$ cat protein_14.txt   # compact mmCIF, C-alpha atoms
# COMPACT_ATOMS: atom_id res chain seq x y z
CA MET F 3 213.67 50.36 46.22
CA ALA F 4 212.64 52.69 43.41
CA HIS F 5 209.14 52.81 44.82
CA LYS F 6 210.31 54.20 48.17
CA ALA F 7 212.69 56.69 46.61
CA GLU F 8 209.90 58.00 44.42
CA LEU F 9 207.58 58.25 47.42
CA ASP F 10 210.28 60.24 49.19
CA ARG F 11 210.35 62.73 46.33
CA ILE F 12 206.58 63.08 46.34
CA LEU F 13 206.53 63.72 50.08
CA GLU F 14 209.25 66.36 49.71
CA ALA F 15 207.13 68.06 47.07
CA LEU F 16 204.03 67.72 49.21
CA ASP F 17 205.82 69.30 52.10
CA ALA F 18 206.94 72.26 49.99
CA THR F 19 203.49 72.87 48.52
CA LYS F 20 201.94 76.19 49.38
CA THR F 21 198.75 76.04 47.32
CA ILE F 22 195.85 73.71 46.64
CA ASP F 23 196.86 73.72 42.96
CA GLY F 24 200.19 72.33 44.07
CA LEU F 25 198.39 69.39 45.66
CA GLN F 26 196.75 68.64 42.32
CA SER F 27 200.10 68.14 40.62
CA ILE F 28 201.28 65.89 43.42
CA VAL F 29 198.22 63.69 43.24
CA ASP F 30 199.15 63.00 39.59
CA GLN F 31 202.53 61.70 40.71
CA VAL F 32 200.90 59.56 43.38
CA CYS F 33 199.21 57.52 40.63
CA GLY F 34 202.57 56.91 39.04
CA VAL F 35 204.27 55.70 42.16
CA PHE F 36 201.48 53.30 43.14
CA GLY F 37 200.88 52.24 39.55
CA VAL F 38 197.17 53.11 39.58
CA ASP F 39 194.95 54.95 37.13
CA HIS F 40 193.48 57.45 39.57
CA ALA F 41 193.93 59.06 42.94
CA MET F 42 191.40 61.39 44.54
CA TYR F 43 191.41 63.34 47.74
CA HIS F 44 188.19 64.66 49.18
CA TRP F 45 187.69 66.50 52.43
CA VAL F 46 184.97 68.13 54.45
CA ASP F 47 186.25 70.87 56.72
CA SER F 48 184.97 71.75 60.17
CA ALA F 49 182.57 74.27 58.60
CA GLY F 50 181.05 71.49 56.47
CA ASP F 51 182.45 72.72 53.15
CA HIS F 52 183.58 70.13 50.60
CA TYR F 53 186.80 70.20 48.60
CA HIS F 54 188.29 67.68 46.25
CA PHE F 55 191.04 67.25 43.77
CA GLY F 56 192.52 64.36 41.89
CA THR F 57 192.80 62.70 38.53
CA TYR F 58 189.21 61.72 37.70
CA PRO F 59 188.19 63.07 34.28
CA GLN F 60 186.43 66.41 34.54
CA THR F 61 183.41 64.93 32.73
CA TRP F 62 183.03 62.38 35.51
CA VAL F 63 183.40 64.98 38.27
CA GLU F 64 180.66 67.05 36.62
CA ARG F 65 178.51 64.00 35.98
CA TYR F 66 178.84 62.98 39.64
CA GLN F 67 177.60 66.38 40.78
CA GLU F 68 174.89 66.62 38.16
CA MET F 69 173.49 63.19 39.11
CA ALA F 70 173.98 63.85 42.86
CA TYR F 71 175.74 60.50 43.04
CA VAL F 72 176.95 61.32 46.53
CA ARG F 73 173.57 59.95 47.69
CA VAL F 74 174.03 56.52 46.10
CA ASP F 75 177.82 56.11 46.00
CA PRO F 76 178.56 53.12 48.29
CA VAL F 77 182.06 54.49 48.93
CA VAL F 78 180.59 57.53 50.69
CA ALA F 79 178.40 55.42 52.98
CA GLY F 80 181.23 52.91 53.46
CA CYS F 81 183.76 55.51 54.61
CA TYR F 82 181.57 57.89 56.58
CA GLN F 83 182.09 57.58 60.36
CA ARG F 84 184.69 54.86 59.93
CA PHE F 85 188.45 54.76 60.22
CA HIS F 86 189.41 51.54 58.48
CA PRO F 87 190.55 51.41 54.85
CA VAL F 88 187.86 50.15 52.50
CA ASP F 89 188.35 47.95 49.47
CA TRP F 90 185.49 48.79 47.14
CA LYS F 91 184.77 45.09 46.72
CA ARG F 92 183.60 44.96 50.34
CA LEU F 93 180.91 47.56 49.76
CA ASP F 94 177.32 46.79 48.97
CA TRP F 95 176.83 47.33 45.24
CA SER F 96 173.64 45.28 45.05
CA PRO F 97 171.00 48.08 45.13
CA LYS F 98 169.94 49.14 41.66
CA PRO F 99 171.02 52.81 42.01
CA ALA F 100 174.47 51.66 43.13
CA ARG F 101 174.78 49.31 40.14
CA GLU F 102 173.77 52.06 37.73
CA PHE F 103 176.22 54.41 39.37
CA LEU F 104 178.99 51.83 39.01
CA LYS F 105 178.17 51.27 35.35
CA ASP F 106 178.39 54.99 34.74
CA ALA F 107 181.66 55.24 36.69
CA LEU F 108 183.17 52.42 34.64
CA GLU F 109 182.14 54.12 31.41
CA HIS F 110 183.91 57.25 32.59
CA GLY F 111 187.11 55.33 33.21
CA VAL F 112 187.11 55.42 37.02
CA GLY F 113 188.22 51.80 37.13
CA ASN F 114 186.70 48.59 38.45
CA GLN F 115 188.88 48.48 41.57
CA GLY F 116 189.28 50.97 44.37
CA TYR F 117 190.71 51.45 47.83
CA SER F 118 189.46 54.31 50.00
CA ILE F 119 191.02 55.51 53.22
CA PRO F 120 188.82 57.54 55.58
CA ILE F 121 190.51 59.99 57.90
CA ARG F 122 189.12 61.56 61.05
CA GLY F 123 190.80 64.90 61.53
CA PRO F 124 190.49 67.40 64.36
CA ASN F 125 187.21 69.27 65.12
CA GLY F 126 184.97 67.12 62.97
CA GLN F 127 187.13 67.41 59.87
CA PHE F 128 186.73 64.37 57.66
CA ALA F 129 188.53 63.24 54.53
CA VAL F 130 188.76 60.32 52.15
CA PHE F 131 191.74 59.45 50.04
CA THR F 132 191.01 57.03 47.21
CA VAL F 133 193.00 55.22 44.58
CA SER F 134 191.22 53.43 41.75
CA HIS F 135 192.36 51.23 38.94
CA ASN F 136 191.33 48.95 36.12
CA CYS F 137 192.62 45.41 36.57
CA ASP F 138 191.57 41.91 37.56
CA ASP F 139 191.07 40.89 41.19
CA GLU F 140 194.34 39.04 41.50
CA ALA F 141 196.44 41.98 40.28
CA TRP F 142 194.49 44.30 42.55
CA GLU F 143 195.02 42.12 45.60
CA LYS F 144 198.75 42.06 44.93
CA LEU F 145 198.84 45.81 44.53
CA THR F 146 196.92 46.59 47.71
CA GLU F 147 198.92 44.06 49.66
CA ARG F 148 202.15 45.69 48.53
CA CYS F 149 201.09 49.33 48.84
CA SER F 150 198.28 49.59 51.40
CA ARG F 151 200.42 50.85 54.25
CA ASP F 152 202.14 53.45 52.09
CA MET F 153 198.74 54.49 50.75
CA ILE F 154 197.42 54.93 54.28
CA LEU F 155 200.41 57.09 55.23
CA MET F 156 200.06 59.09 52.02
CA ALA F 157 196.38 59.68 52.78
CA HIS F 158 197.21 61.10 56.19
CA TYR F 159 200.04 63.27 54.88
CA PHE F 160 197.72 64.72 52.25
CA ASN F 161 195.19 65.43 54.93
CA ARG F 162 197.71 67.08 57.19
CA LYS F 163 198.70 69.32 54.31
CA ALA F 164 195.09 70.09 53.40
CA LEU F 165 194.41 71.18 56.98
CA GLU F 166 197.02 73.89 56.52
CA PHE F 167 194.73 75.44 53.94
CA GLU F 168 191.76 75.78 56.27
CA PRO F 169 191.18 79.52 56.43
CA SER F 170 190.58 79.76 60.17
CA ARG F 171 193.55 77.63 61.00
CA SER F 172 196.83 78.98 62.24
CA PRO F 173 199.82 77.34 60.57
CA GLU F 174 200.81 74.23 62.46
CA GLN F 175 204.38 73.67 63.45
CA ALA F 176 205.80 70.26 62.71
CA GLN F 177 205.06 68.14 65.77
CA PRO F 178 208.12 68.15 67.99
CA LEU F 179 209.78 64.84 68.59
CA SER F 180 210.03 63.43 72.09
CA PRO F 181 213.53 63.06 73.60
CA ARG F 182 213.44 59.28 73.03
CA GLU F 183 212.60 59.75 69.37
CA VAL F 184 215.37 62.31 68.98
CA ASP F 185 217.83 59.89 70.59
CA ALA F 186 216.77 57.05 68.32
CA LEU F 187 216.96 59.08 65.11
CA THR F 188 220.26 60.69 66.09
CA LEU F 189 221.92 57.33 66.68
CA LEU F 190 220.54 55.99 63.40
CA ALA F 191 221.75 59.12 61.64
CA ILE F 192 225.31 58.56 62.79
CA GLY F 193 225.24 55.04 61.45
CA TYR F 194 224.23 52.82 64.35
CA SER F 195 222.35 49.69 63.41
CA ARG F 196 218.90 49.18 64.89
CA ALA F 197 220.27 46.56 67.25
CA GLN F 198 222.97 48.96 68.46
CA VAL F 199 220.46 51.78 68.93
CA ALA F 200 218.12 49.53 70.91
CA LYS F 201 220.98 48.37 73.11
CA THR F 202 222.25 51.90 73.67
CA LEU F 203 218.80 53.13 74.68
CA SER F 204 218.08 49.98 76.72
CA ILE F 205 214.93 49.21 74.77
CA SER F 206 213.96 46.28 72.61
CA GLU F 207 214.24 46.51 68.84
CA HIS F 208 210.49 46.13 68.73
CA THR F 209 210.02 49.20 70.90
CA LEU F 210 212.54 51.05 68.79
CA ARG F 211 210.51 50.26 65.71
CA VAL F 212 207.46 51.85 67.26
CA TYR F 213 209.43 54.98 68.21
CA ILE F 214 210.68 55.21 64.65
CA GLU F 215 207.20 54.56 63.28
CA SER F 216 205.76 57.32 65.43
CA ALA F 217 208.58 59.76 64.58
CA ARG F 218 208.22 58.92 60.91
CA PHE F 219 204.54 59.81 60.98
CA LYS F 220 205.14 63.07 62.85
CA LEU F 221 207.76 64.00 60.27
CA GLY F 222 205.57 63.07 57.31
CA ALA F 223 208.13 60.56 56.08
CA ILE F 224 207.67 57.31 54.23
CA ASN F 225 210.69 55.48 55.60
CA THR F 226 213.42 55.78 58.20
CA THR F 227 216.01 57.37 55.93
CA HIS F 228 213.56 60.03 54.90
CA ALA F 229 212.54 60.58 58.53
CA ILE F 230 216.17 61.17 59.52
CA ALA F 231 216.67 63.60 56.65
CA ARG F 232 213.51 65.48 57.60
CA ALA F 233 214.46 65.61 61.27
CA MET F 234 217.84 67.08 60.33
CA THR F 235 216.33 69.64 57.95
CA LEU F 236 213.89 70.74 60.64
CA GLY F 237 216.68 70.98 63.18
CA PHE F 238 215.17 68.33 65.49
CA ILE F 239 218.37 66.36 65.43
CA VAL F 240 221.91 67.58 65.03
CA VAL F 241 224.62 65.24 63.88
CA MET A 11 180.38 34.42 66.74
CA LEU A 12 182.51 37.51 66.46
CA ARG A 13 180.98 40.82 65.51
CA TYR A 14 182.81 43.99 64.56
CA ILE A 15 180.69 47.04 65.36
CA TYR A 16 181.38 50.76 65.31
CA GLY A 17 180.02 52.80 68.21
CA HIS A 18 177.47 54.53 66.00
CA ASP A 19 176.01 51.15 65.04
CA LEU A 20 175.69 49.75 68.58
CA HIS A 21 172.03 50.82 68.73
CA ASN A 22 171.33 48.14 66.10
CA HIS A 23 172.53 45.57 68.64
CA ALA A 24 170.92 46.99 71.78
CA ASP A 25 170.94 43.83 73.93
CA LEU A 26 174.46 42.93 72.93
CA ALA A 27 175.70 46.46 73.67
CA HIS A 28 173.89 46.70 76.99
CA SER A 29 175.29 43.39 78.19
CA MET A 30 178.77 44.45 77.05
CA PHE A 31 178.71 47.68 79.07
CA ARG A 32 177.25 45.81 82.04
CA ASP A 33 179.94 43.12 81.87
CA ARG A 34 182.53 45.88 81.69
CA ALA A 35 181.15 47.37 84.92
CA ASP A 36 181.30 43.94 86.50
CA GLN A 37 184.87 43.29 85.39
CA PHE A 38 186.50 46.69 85.81
CA GLN A 39 184.62 48.06 88.83
CA ALA A 40 183.42 45.05 90.82
CA ARG A 41 186.23 42.57 90.13
CA LEU A 42 189.30 44.70 89.41
CA GLY A 43 188.33 47.70 91.54
CA TRP A 44 189.20 50.30 88.91
CA GLU A 45 187.81 53.79 89.33
CA VAL A 46 185.43 53.69 86.39
CA GLN A 47 182.07 55.40 85.88
CA VAL A 48 179.03 53.15 86.05
CA ASP A 49 175.66 54.69 85.21
CA ARG A 50 172.32 53.84 86.78
CA ASN A 51 171.69 51.17 84.15
CA GLY A 52 174.77 49.42 85.47
CA GLU A 53 176.77 50.26 82.31
CA GLU A 54 180.43 51.24 82.38
CA ARG A 55 181.43 53.83 79.76
CA ASP A 56 184.21 56.36 79.46
CA GLN A 57 184.98 59.27 77.14
CA TYR A 58 186.56 56.97 74.53
CA ASP A 59 183.23 55.25 74.00
CA GLN A 60 182.00 58.69 72.85
CA LEU A 61 184.64 58.77 70.08
CA ASP A 62 182.88 56.16 67.93
CA PRO A 63 185.45 53.39 68.38
CA LEU A 64 185.39 49.99 66.73
CA TYR A 65 184.36 47.14 69.04
CA VAL A 66 185.06 43.47 68.56
CA ILE A 67 182.41 41.54 70.41
CA TRP A 68 181.89 37.84 70.99
CA GLU A 69 178.18 37.19 70.76
CA MET A 70 176.87 34.24 72.77
CA PRO A 71 174.26 31.89 71.29
CA ASP A 72 171.54 33.75 73.26
CA GLY A 73 172.60 37.08 71.71
CA SER A 74 174.33 38.42 74.80
CA HIS A 75 177.90 39.61 75.30
CA GLY A 76 180.61 37.00 75.85
CA GLY A 77 183.63 39.27 75.60
CA SER A 78 184.88 42.36 73.83
CA MET A 79 187.65 44.81 73.05
CA ARG A 80 187.68 48.38 71.81
CA PHE A 81 189.88 49.96 69.13
CA LEU A 82 190.81 53.51 68.15
CA PRO A 83 193.60 54.71 65.86
CA THR A 84 196.43 56.50 67.69
CA THR A 85 196.08 59.48 65.32
CA GLY A 86 193.23 60.68 67.57
CA PRO A 87 192.74 60.81 71.35
CA VAL A 88 193.78 57.52 72.98
CA MET A 89 194.49 56.41 76.53
CA VAL A 90 198.14 55.52 75.95
CA ASN A 91 198.83 59.19 75.15
CA ASP A 92 196.22 60.94 77.31
CA VAL A 93 196.52 58.91 80.50
CA PHE A 94 199.61 56.71 80.36
CA LEU A 95 202.18 58.89 78.61
CA ASP A 96 204.77 58.16 81.30
CA LEU A 97 204.63 54.47 80.46
CA ALA A 98 205.94 55.18 76.96
CA GLY A 99 208.79 57.28 78.29
CA GLY A 100 206.89 60.44 77.34
CA VAL A 101 206.65 59.45 73.68
CA PRO A 102 203.14 59.92 72.33
CA ILE A 103 202.34 57.05 70.00
CA CYS A 104 200.80 58.41 66.84
CA SER A 105 200.39 56.57 63.55
CA PRO A 106 197.49 55.40 61.39
CA LEU A 107 199.28 52.03 61.37
CA ILE A 108 199.10 51.73 65.17
CA TRP A 109 195.72 51.31 66.85
CA GLU A 110 195.02 51.30 70.54
CA CYS A 111 193.23 48.35 72.10
CA THR A 112 191.41 48.89 75.42
CA ARG A 113 188.71 47.38 77.67
CA PHE A 114 189.53 43.74 77.01
CA CYS A 115 186.59 42.25 78.85
CA LEU A 116 185.18 38.77 79.38
CA SER A 117 181.69 37.92 80.57
CA PRO A 118 181.56 35.75 83.70
CA ASP A 119 179.52 33.31 81.59
CA ALA A 120 182.03 33.20 78.74
CA GLY A 121 183.39 29.86 77.68
CA ALA A 122 187.09 29.07 77.73
CA ASN A 123 187.50 29.84 74.04
CA VAL A 124 186.21 33.42 74.09
CA ALA A 125 189.53 35.08 74.97
CA GLY A 126 191.16 33.25 72.07
CA ALA A 127 188.37 34.20 69.68
CA LEU A 128 188.66 37.88 70.64
CA THR A 129 192.39 37.79 70.13
CA LEU A 130 191.83 36.31 66.71
CA GLY A 131 189.36 39.13 65.99
CA GLY A 132 192.06 41.65 66.82
CA VAL A 133 194.56 39.98 64.53
CA GLU A 134 191.91 39.77 61.81
CA ILE A 135 191.61 43.56 61.98
CA MET A 136 195.37 43.93 61.59
CA ARG A 137 195.43 41.52 58.68
CA ASN A 138 192.58 43.09 56.74
CA PHE A 139 193.15 46.76 57.52
CA SER A 140 196.95 46.89 57.26
CA VAL A 141 197.38 47.75 60.93
CA GLN A 142 200.97 47.05 61.88
CA HIS A 143 200.77 47.33 65.67
CA PHE A 144 198.32 47.50 68.53
CA ALA A 145 199.22 49.45 71.65
CA GLY A 146 197.58 48.89 75.00
CA VAL A 147 197.94 49.14 78.77
CA PHE A 148 197.28 46.04 80.81
CA ASP A 149 197.54 44.47 84.20
CA ARG A 150 200.76 42.52 84.64
CA ARG A 151 198.86 39.30 85.29
CA MET A 152 197.71 39.41 81.67
CA VAL A 153 201.24 38.65 80.38
CA ARG A 154 200.80 34.93 80.93
CA ILE A 155 197.33 34.96 79.40
CA TYR A 156 198.49 36.75 76.25
CA ARG A 157 201.24 34.20 75.89
CA SER A 158 198.76 31.35 76.13
CA LEU A 159 196.67 33.04 73.42
CA GLY A 160 199.68 33.12 71.08
CA PHE A 161 199.90 36.90 70.93
CA SER A 162 202.46 38.28 73.34
CA PRO A 163 203.14 42.00 73.43
CA ASP A 164 206.48 43.63 73.67
CA ILE A 165 206.44 45.53 76.97
CA ILE A 166 207.58 49.12 76.52
CA GLY A 167 207.13 50.40 80.03
CA THR A 168 205.81 49.42 83.44
CA GLN A 169 204.55 51.35 86.44
CA GLY A 170 203.67 50.45 90.03
CA GLU A 171 204.44 47.38 92.07
CA GLY A 172 202.87 44.00 92.75
CA ARG A 173 199.14 43.83 92.14
CA GLU A 174 199.12 47.48 91.09
CA ARG A 175 201.66 46.94 88.37
CA ILE A 176 200.56 47.98 84.88
CA CYS A 177 202.37 47.65 81.55
CA LEU A 178 202.29 49.32 78.18
CA GLY A 179 202.49 46.68 75.48
CA LEU A 180 202.87 46.64 71.72
CA TRP A 181 201.61 43.80 69.60
CA GLU A 182 202.97 43.33 66.11
CA TYR A 183 201.15 41.67 63.24
CA THR A 184 202.80 38.89 61.27
CA PRO A 185 201.12 36.22 59.12
CA GLU A 186 202.57 33.60 61.50
CA VAL A 187 200.86 35.24 64.47
CA TYR A 188 197.54 35.00 62.66
CA LEU A 189 197.82 31.27 62.04
CA ASN A 190 199.12 30.63 65.53
CA VAL A 191 196.35 32.59 67.25
CA ALA A 192 193.70 30.90 65.09
CA SER A 193 195.08 27.48 65.91
CA LEU A 194 195.22 28.18 69.67
CA ALA A 195 191.68 29.60 69.56
CA GLY A 196 190.51 26.46 67.78
CA ILE A 197 188.87 28.54 65.06
CA ALA A 198 189.52 27.94 61.37
CA PRO A 199 190.88 31.03 59.59
CA GLU A 200 188.12 30.59 57.01
CA LEU A 201 185.45 30.87 59.69
CA SER A 202 187.15 33.87 61.22
CA GLN A 203 187.30 35.56 57.83
CA LEU A 204 183.62 34.76 57.30
CA TRP A 205 182.68 36.53 60.57
CA PHE A 206 184.82 39.46 59.55
CA ASP A 207 183.21 39.63 56.12
CA ARG A 208 179.76 39.55 57.69
CA SER A 209 180.59 42.80 59.44
CA PHE A 210 182.62 44.53 56.75
CA GLY A 211 181.44 42.96 53.51
CA SER A 212 183.27 40.35 51.53
CA ALA A 213 186.31 41.00 49.37
CA SER A 214 186.25 37.52 47.93
CA ALA A 215 186.02 36.71 44.25
CA ALA A 216 182.24 36.28 44.44
CA ALA A 217 182.40 39.72 42.80
CA PRO A 218 179.62 41.82 44.30
CA MET A 219 180.85 44.47 41.86
CA ALA A 220 180.15 42.34 38.84
CA LEU A 221 177.56 44.01 36.64
CA THR A 222 175.48 40.94 36.07
CA GLY A 223 172.35 41.85 38.00

$ encode --input "protein_14.txt" --output "structure tokens"
Amino acid sequence: MAHKAELDRILEALDATKTIDGLQSIVDQVCGVFGVDHAMYHWVDSAGDHYHFGTYPQTWVERYQEMAYVRVDPVVAGCYQRFHPVDWKRLDWSPKPAREFLKDALEHGVGNQGYSIPIRGPNGQFAVFTVSHNCDDEAWEKLTERCSRDMILMAHYFNRKALEFEPSRSPEQAQPLSPREVDALTLLAIGYSRAQVAKTLSISEHTLRVYIESARFKLGAINTTHAIARAMTLGFIVV
Amino acid sequence: MLRYIYGHDLHNHADLAHSMFRDRADQFQARLGWEVQVDRNGEERDQYDQLDPLYVIWEMPDGSHGGSMRFLPTTGPVMVNDVFLDLAGGVPICSPLIWECTRFCLSPDAGANVAGALTLGGVEIMRNFSVQHFAGVFDRRMVRIYRSLGFSPDIIGTQGEGRERICLGLWEYTPEVYLNVASLAGIAPELSQLWFDRSFGSASAAAPMALTG
């Protein structure tokens, strides 16, 4: 699938990024791969400082600050202290300030649809990854249904990367894989089918899927092939 | 009805929350004999209740607790990794697409349909929030009950013998599971979605974002 291959490339680039500016260029590509107008990443570090980057027009970013929209933006209230992804349609836009805010956002090209993913990081760190778009409800539902899981993973990978830039933070090693995960990925790497791997390790295919899912997340990968490649590059598995 | 409530919002449902923690004490300490902490108000809580989890709670007609479960994403501290790591063969489970489910509890006064309704609430979370799997540790006697609810886990590991035997299970979401669980619970999917929307807001075409007001 072209979509997955493109996601792979973005995650490679994300992994190699050494600066916050680098993240900005990657967020542009994220829009392309999901087929949305905008993607934004916003985080509050453990010291309470705010950072954000993304594709919203600069005029809107300035307008948002000037109007102190953070106080009326339903997305902020809807994501704070939560860990489930939020479709903007589910938020309460009925208060007058929220409606005026939305009108202004639409005029600035933010889009009439949005999906925001809150992330609880370590030590009180908090982040929200948002994609927004202009389309009808049906098209939006199709898009979120197709991409929501990849968007959630992308959100967490962005956050993991952003945490590397916290000044007080020592660089984090890639999380080591457990022996079972190494076994599973090694067998897949040498061409075993999932059924063969499960049989060899005396586990069900279902269990195997969870091992792979967990390893994939630790490795910052979007699919199994990418996870195997990453594990080899990092020297976790040797084939 | 089912309610979905984050820990930080429990104070808005004080009676419901109190009866939930009391029923948990009754189930886990008095009936199952687990070594859990019960405070002087008779409420059972542990450190995961401090992490602002998401609860699914069946509210009885009188406003009290009929049954509940507790969810946390496995990207943060969870029991399967902190307490039961051996059960997973030493593999910490960690993914935003896998949430942990704990403290499945039923009130002694709960009707026969409450377990099914709670299960449906869990699947409703998976369906709406793109959660692929739940992970959880349970007593072996629950295997038969999960089957009767239409949502059987895949058992990854077991520990102990006989009555002491516990299992680590993984539940996978599929659209078929949702319909099956709803049918066994005797609850129409539309009603279940309505309860969910009451807690999380509606995503239906009624267009709360429309700029007509």

$ closest_atom_pairs --input "protein_14.txt" --of "chain A" --to "chain F" --cutoff "7 Å" --atoms "all atoms listed in the file" --output "JSON lines"
{"residue": "A:Gly100", "atom": "CA", "partner": "F:Ser180", "partner_atom": "CA", "distance": 6.8}
{"residue": "A:Val101", "atom": "CA", "partner": "F:Ser180", "partner_atom": "CA", "distance": 5.5}
{"residue": "A:Ile103", "atom": "CA", "partner": "F:Ser216", "partner_atom": "CA", "distance": 5.7}
{"residue": "A:Cys104", "atom": "CA", "partner": "F:Ser216", "partner_atom": "CA", "distance": 5.3}
{"residue": "A:Ser105", "atom": "CA", "partner": "F:Ser216", "partner_atom": "CA", "distance": 5.7}
{"residue": "A:Phe139", "atom": "CA", "partner": "F:Pro87", "partner_atom": "CA", "distance": 6.0}
{"residue": "A:Ser140", "atom": "CA", "partner": "F:Arg151", "partner_atom": "CA", "distance": 6.1}
{"residue": "A:Asp164", "atom": "CA", "partner": "F:His208", "partner_atom": "CA", "distance": 6.8}
{"residue": "A:Ile166", "atom": "CA", "partner": "F:Thr209", "partner_atom": "CA", "distance": 6.1}
{"residue": "A:Phe210", "atom": "CA", "partner": "F:Arg92", "partner_atom": "CA", "distance": 6.5}
{"residue": "A:Gly211", "atom": "CA", "partner": "F:Arg92", "partner_atom": "CA", "distance": 4.3}
{"residue": "A:Ser212", "atom": "CA", "partner": "F:Arg92", "partner_atom": "CA", "distance": 4.8}
{"residue": "A:Ala213", "atom": "CA", "partner": "F:Arg92", "partner_atom": "CA", "distance": 4.9}
{"residue": "A:Pro218", "atom": "CA", "partner": "F:Trp95", "partner_atom": "CA", "distance": 6.2}
{"residue": "A:Met219", "atom": "CA", "partner": "F:Trp95", "partner_atom": "CA", "distance": 6.0}
{"residue": "A:Leu221", "atom": "CA", "partner": "F:Arg101", "partner_atom": "CA", "distance": 6.9}

$ residues_around --input "protein_14.txt" --residues "Val72 (chain F)" --least-positions-apart "6" --cutoff "12 Å" --atoms "only C-alpha atoms" --output "PDB file with C-alpha atoms, keeping the file's coordinate frame"
ATOM      1  CA  HIS F  52     183.580  70.130  50.600  1.00  0.00           C
ATOM      2  CA  VAL F  63     183.400  64.980  38.270  1.00  0.00           C
ATOM      3  CA  ARG F  65     178.510  64.000  35.980  1.00  0.00           C
ATOM      4  CA  TYR F  66     178.840  62.980  39.640  1.00  0.00           C
ATOM      5  CA  VAL F  78     180.590  57.530  50.690  1.00  0.00           C
ATOM      6  CA  ALA F  79     178.400  55.420  52.980  1.00  0.00           C
ATOM      7  CA  GLY F  80     181.230  52.910  53.460  1.00  0.00           C
ATOM      8  CA  TYR F  82     181.570  57.890  56.580  1.00  0.00           C
ATOM      9  CA  PRO F  99     171.020  52.810  42.010  1.00  0.00           C
ATOM     10  CA  ALA F 100     174.470  51.660  43.130  1.00  0.00           C
ATOM     11  CA  PHE F 103     176.220  54.410  39.370  1.00  0.00           C
TER      12      PHE F 103
END

$ closest_residue --input "protein_14.txt" --among "F:Ala233, F:Met42, F:Ala223, F:Leu145" --to "Ser118 (chain F)" --atoms "all atoms listed in the file"
F:Met42

$ residues_around --input "protein_14.txt" --residues "Trp205 (chain A)" --least-positions-apart "3" --cutoff "7 Å" --atoms "all atoms listed in the file" --output "number ranges by chain"
A: 11-13, 201-202, 208-209

$ closest_residue --input "protein_14.txt" --among "A:Ala192, A:Ala127, A:Cys177, A:Leu82" --to "Gly17 (chain A)" --atoms "all atoms listed in the file"
A:Leu82

$ atom_distance --input "protein_14.txt" --atom1 "CA of Leu165 (chain F)" --atom2 "CA of Tyr53 (chain F)"
11.4 Å

$ residues_around --input "protein_14.txt" --residues "Met30 (chain A)" --least-positions-apart "5" --cutoff "8 Å" --atoms "all atoms listed in the file" --output "list in words"
Ser74, His75, Gly76, Gly77, Ser78 and Ser117 of chain A

$ atom_distance --input "protein_14.txt" --atom1 "CA of Leu190 (chain F)" --atom2 "CA of Thr184 (chain A)"
24.7 Å

$ atom_distance --input "protein_14.txt" --atom1 "CA of Asp33 (chain A)" --atom2 "CA of Gln142 (chain A)"
29.3 Å

$ residues_around --input "protein_14.txt" --residues "region 147-163 of chain A" --least-positions-apart "6" --cutoff "7 Å" --atoms "only C-alpha atoms" --output "list of chain:residue names"
A:Val90, A:Gly126, A:Arg175, A:Ile176, A:Cys177, A:Leu178, A:Gly179, A:Leu180, A:Trp181, A:Val187, A:Asn190, A:Val191, A:Leu194

$ axis_aligned_box --input "protein_14.txt" --around "region 79-91 of chain A" --padding-each-side "5 Å" --output "JSON"
{"center_x": 193.2, "center_y": 52.8, "center_z": 70.9, "size_x": 21.2, "size_y": 26.0, "size_z": 21.2}

$ residues_around --input "protein_14.txt" --residues "Gly37 (chain F)" --least-positions-apart "4" --cutoff "12 Å" --atoms "only C-alpha atoms" --output "NGL selection string"
:F and (5 or 8-9 or 30-33 or 41 or 133-137 or 141-142 or 144-146 or 148-149 or 153)
